[in-house]
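Trainee: Sharing a structure, written as structure tokens. Questions coming.
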Amino acid sequence: MAAAVPLGSGSDRRAWAWTRVGLQSRGAPFGIQHVCAAAVDDVHVDGAAVTLMSSPSVWETLHATDETSMNLEDRQLDLGEGPTIDAFVHGGPVLVSDVDSPEARARWPIFVADASANGVRAMFALPVQVGAIRLGALNLHRSTPGSLNTDQISDALAFADAACALLLAEAEGGTHTGAADDIWHREDHSAHQGEVHQATGMVLVQLGVSAEIALSRLRAFAFRHGRPLGDVARDVVERRLRFNPDDEEAG
């Protein structure tokens, strides 16, 4: 695992980040999966994920390096709270050196309890953005508590910039950021998130409310009944479950 070298200007660090991404690609077209792998190696974390977002309620995880990283993103979607969402909403890094700290538990009470129970001890979310336009977030995690040093934060921001450039290139018809054999960019996760979005739209129509309120109702129902959000969404999409404007409970 190569250590980060001291760098001067931001452009130098971005150039270094692209070099590290290139080494991960091994001659293949650069992709989000290579950015995530480089971030794991060079920021010295245990996992990474990039999630594309158009709002806190509409998103897709493009790549995660491991199952824990994917589950962290899925749980934030399920619960509507967490570092990835805050990094996207506020447009700045969200650095959590200890998920068991009182500050983290007060900020995201349900999510951090879940993350801690699954062995995650630190999380670092960086917005993927160009200017004031935010496209999503790069989320890193560790199984031990501890802060990132100044160089590691700069490296993480450079990898977030690289992810942004790749997403913009894809939007303009460039190389696709995914990989066909990427085991953590799996159809079942894309389907899970797609079903949540579809169910949100259906509940929006059923209740005559905004997308944010519709998603909140889905989350509340899932939490109240101890069920995964994806399972509740599937019931809505397959019309086994309907939300009624006059009832707190779905019918």
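Lettering and numbering for the structure tokens are positional, with chains as A, B, ... in the shown order, residues counted from 1 in each chain, and ligands counted from 1 in the shown order.
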Quick one: residues within 7 Å of A:Ala233, only C-alpha atoms, excluding same-chain residues fewer than 3 positions away - as a list in words?

Mentor: Glu195, Val196, Ala199, Leu229, Gly230, Val236 and Val237 of chain A

Trainee: Calculate how many Å separate atom CA of A:Glu60 from atom CA of A:Asn149, rounding to one decimal.

Mentor: 29.3 Å

Trainee: Could you pull out the strand (DSSP E) residues of stretch 4-135 of chain A from DSSP and send them as a PyMOL selection string?

Mentor: chain A and resi 47-55+58-64+94-96+122-130+133-135

Trainee: How would the residues just chosen look if you wrote them out with C-alpha atoms as an mmCIF file, in the first residue's frame?

Mentor:
data_model
loop_
_atom_site.group_PDB
_atom_site.id
_atom_site.type_symbol
_atom_site.label_atom_id
_atom_site.label_comp_id
_atom_site.auth_asym_id
_atom_site.auth_seq_id
_atom_site.Cartn_x
_atom_site.Cartn_y
_atom_site.Cartn_z
ATOM 1 C CA GLY A 47 -13.796 0.867 2.222
ATOM 2 C CA ALA A 48 -15.166 3.456 -0.185
ATOM 3 C CA ALA A 49 -18.320 4.180 -2.139
ATOM 4 C CA VAL A 50 -19.474 6.824 -4.613
ATOM 5 C CA THR A 51 -23.148 7.720 -4.622
ATOM 6 C CA LEU A 52 -24.765 9.853 -7.327
ATOM 7 C CA MET A 53 -27.517 12.120 -5.976
ATOM 8 C CA SER A 54 -30.002 14.608 -7.380
ATOM 9 C CA SER A 55 -31.612 15.161 -3.963
ATOM 10 C CA VAL A 58 -33.140 10.391 -5.157
ATOM 11 C CA TRP A 59 -29.800 8.656 -5.512
ATOM 12 C CA GLU A 60 -27.886 5.654 -6.802
ATOM 13 C CA THR A 61 -24.727 4.100 -5.421
ATOM 14 C CA LEU A 62 -22.480 3.691 -8.456
ATOM 15 C CA HIS A 63 -19.752 1.644 -6.822
ATOM 16 C CA ALA A 64 -18.707 0.327 -3.418
ATOM 17 C CA VAL A 94 -18.267 15.485 6.872
ATOM 18 C CA LEU A 95 -15.495 13.912 8.931
ATOM 19 C CA VAL A 96 -16.522 11.526 11.709
ATOM 20 C CA ALA A 122 -15.042 6.196 11.503
ATOM 21 C CA MET A 123 -16.567 7.709 8.352
ATOM 22 C CA PHE A 124 -15.475 10.488 6.024
ATOM 23 C CA ALA A 125 -17.858 11.820 3.368
ATOM 24 C CA LEU A 126 -16.647 14.223 0.678
ATOM 25 C CA PRO A 127 -19.001 16.012 -1.728
ATOM 26 C CA VAL A 128 -18.591 15.231 -5.418
ATOM 27 C CA GLN A 129 -19.200 18.650 -6.892
ATOM 28 C CA VAL A 130 -18.181 21.253 -9.438
ATOM 29 C CA ILE A 133 -23.358 22.032 -8.395
ATOM 30 C CA ARG A 134 -23.275 18.852 -6.301
ATOM 31 C CA LEU A 135 -23.479 15.460 -7.985
#

Trainee: Got a sec: who's within 9 Å of A:Thr144, counting only C-alpha atoms, leaving out chain neighbours fewer than 6 positions off, as a PyMOL selection string?

Mentor: chain A and resi 97-98+119-122

Trainee: If we count only C-alpha atoms, what is near A:Pro56 at a cut-off of 9 Å, once residues fewer than 4 positions away on the same chain are taken out, given as a ChimeraX atom specification?

Mentor: /A:77,80,85-86,88-89,212

Trainee: Determine which residues of stretch 43-83 of chain A receive a DSSP assignment of helix (DSSP H, G or I), computed from the backbone, and state them as a ChimeraX atom specification.

Mentor: /A:43,67-79,83
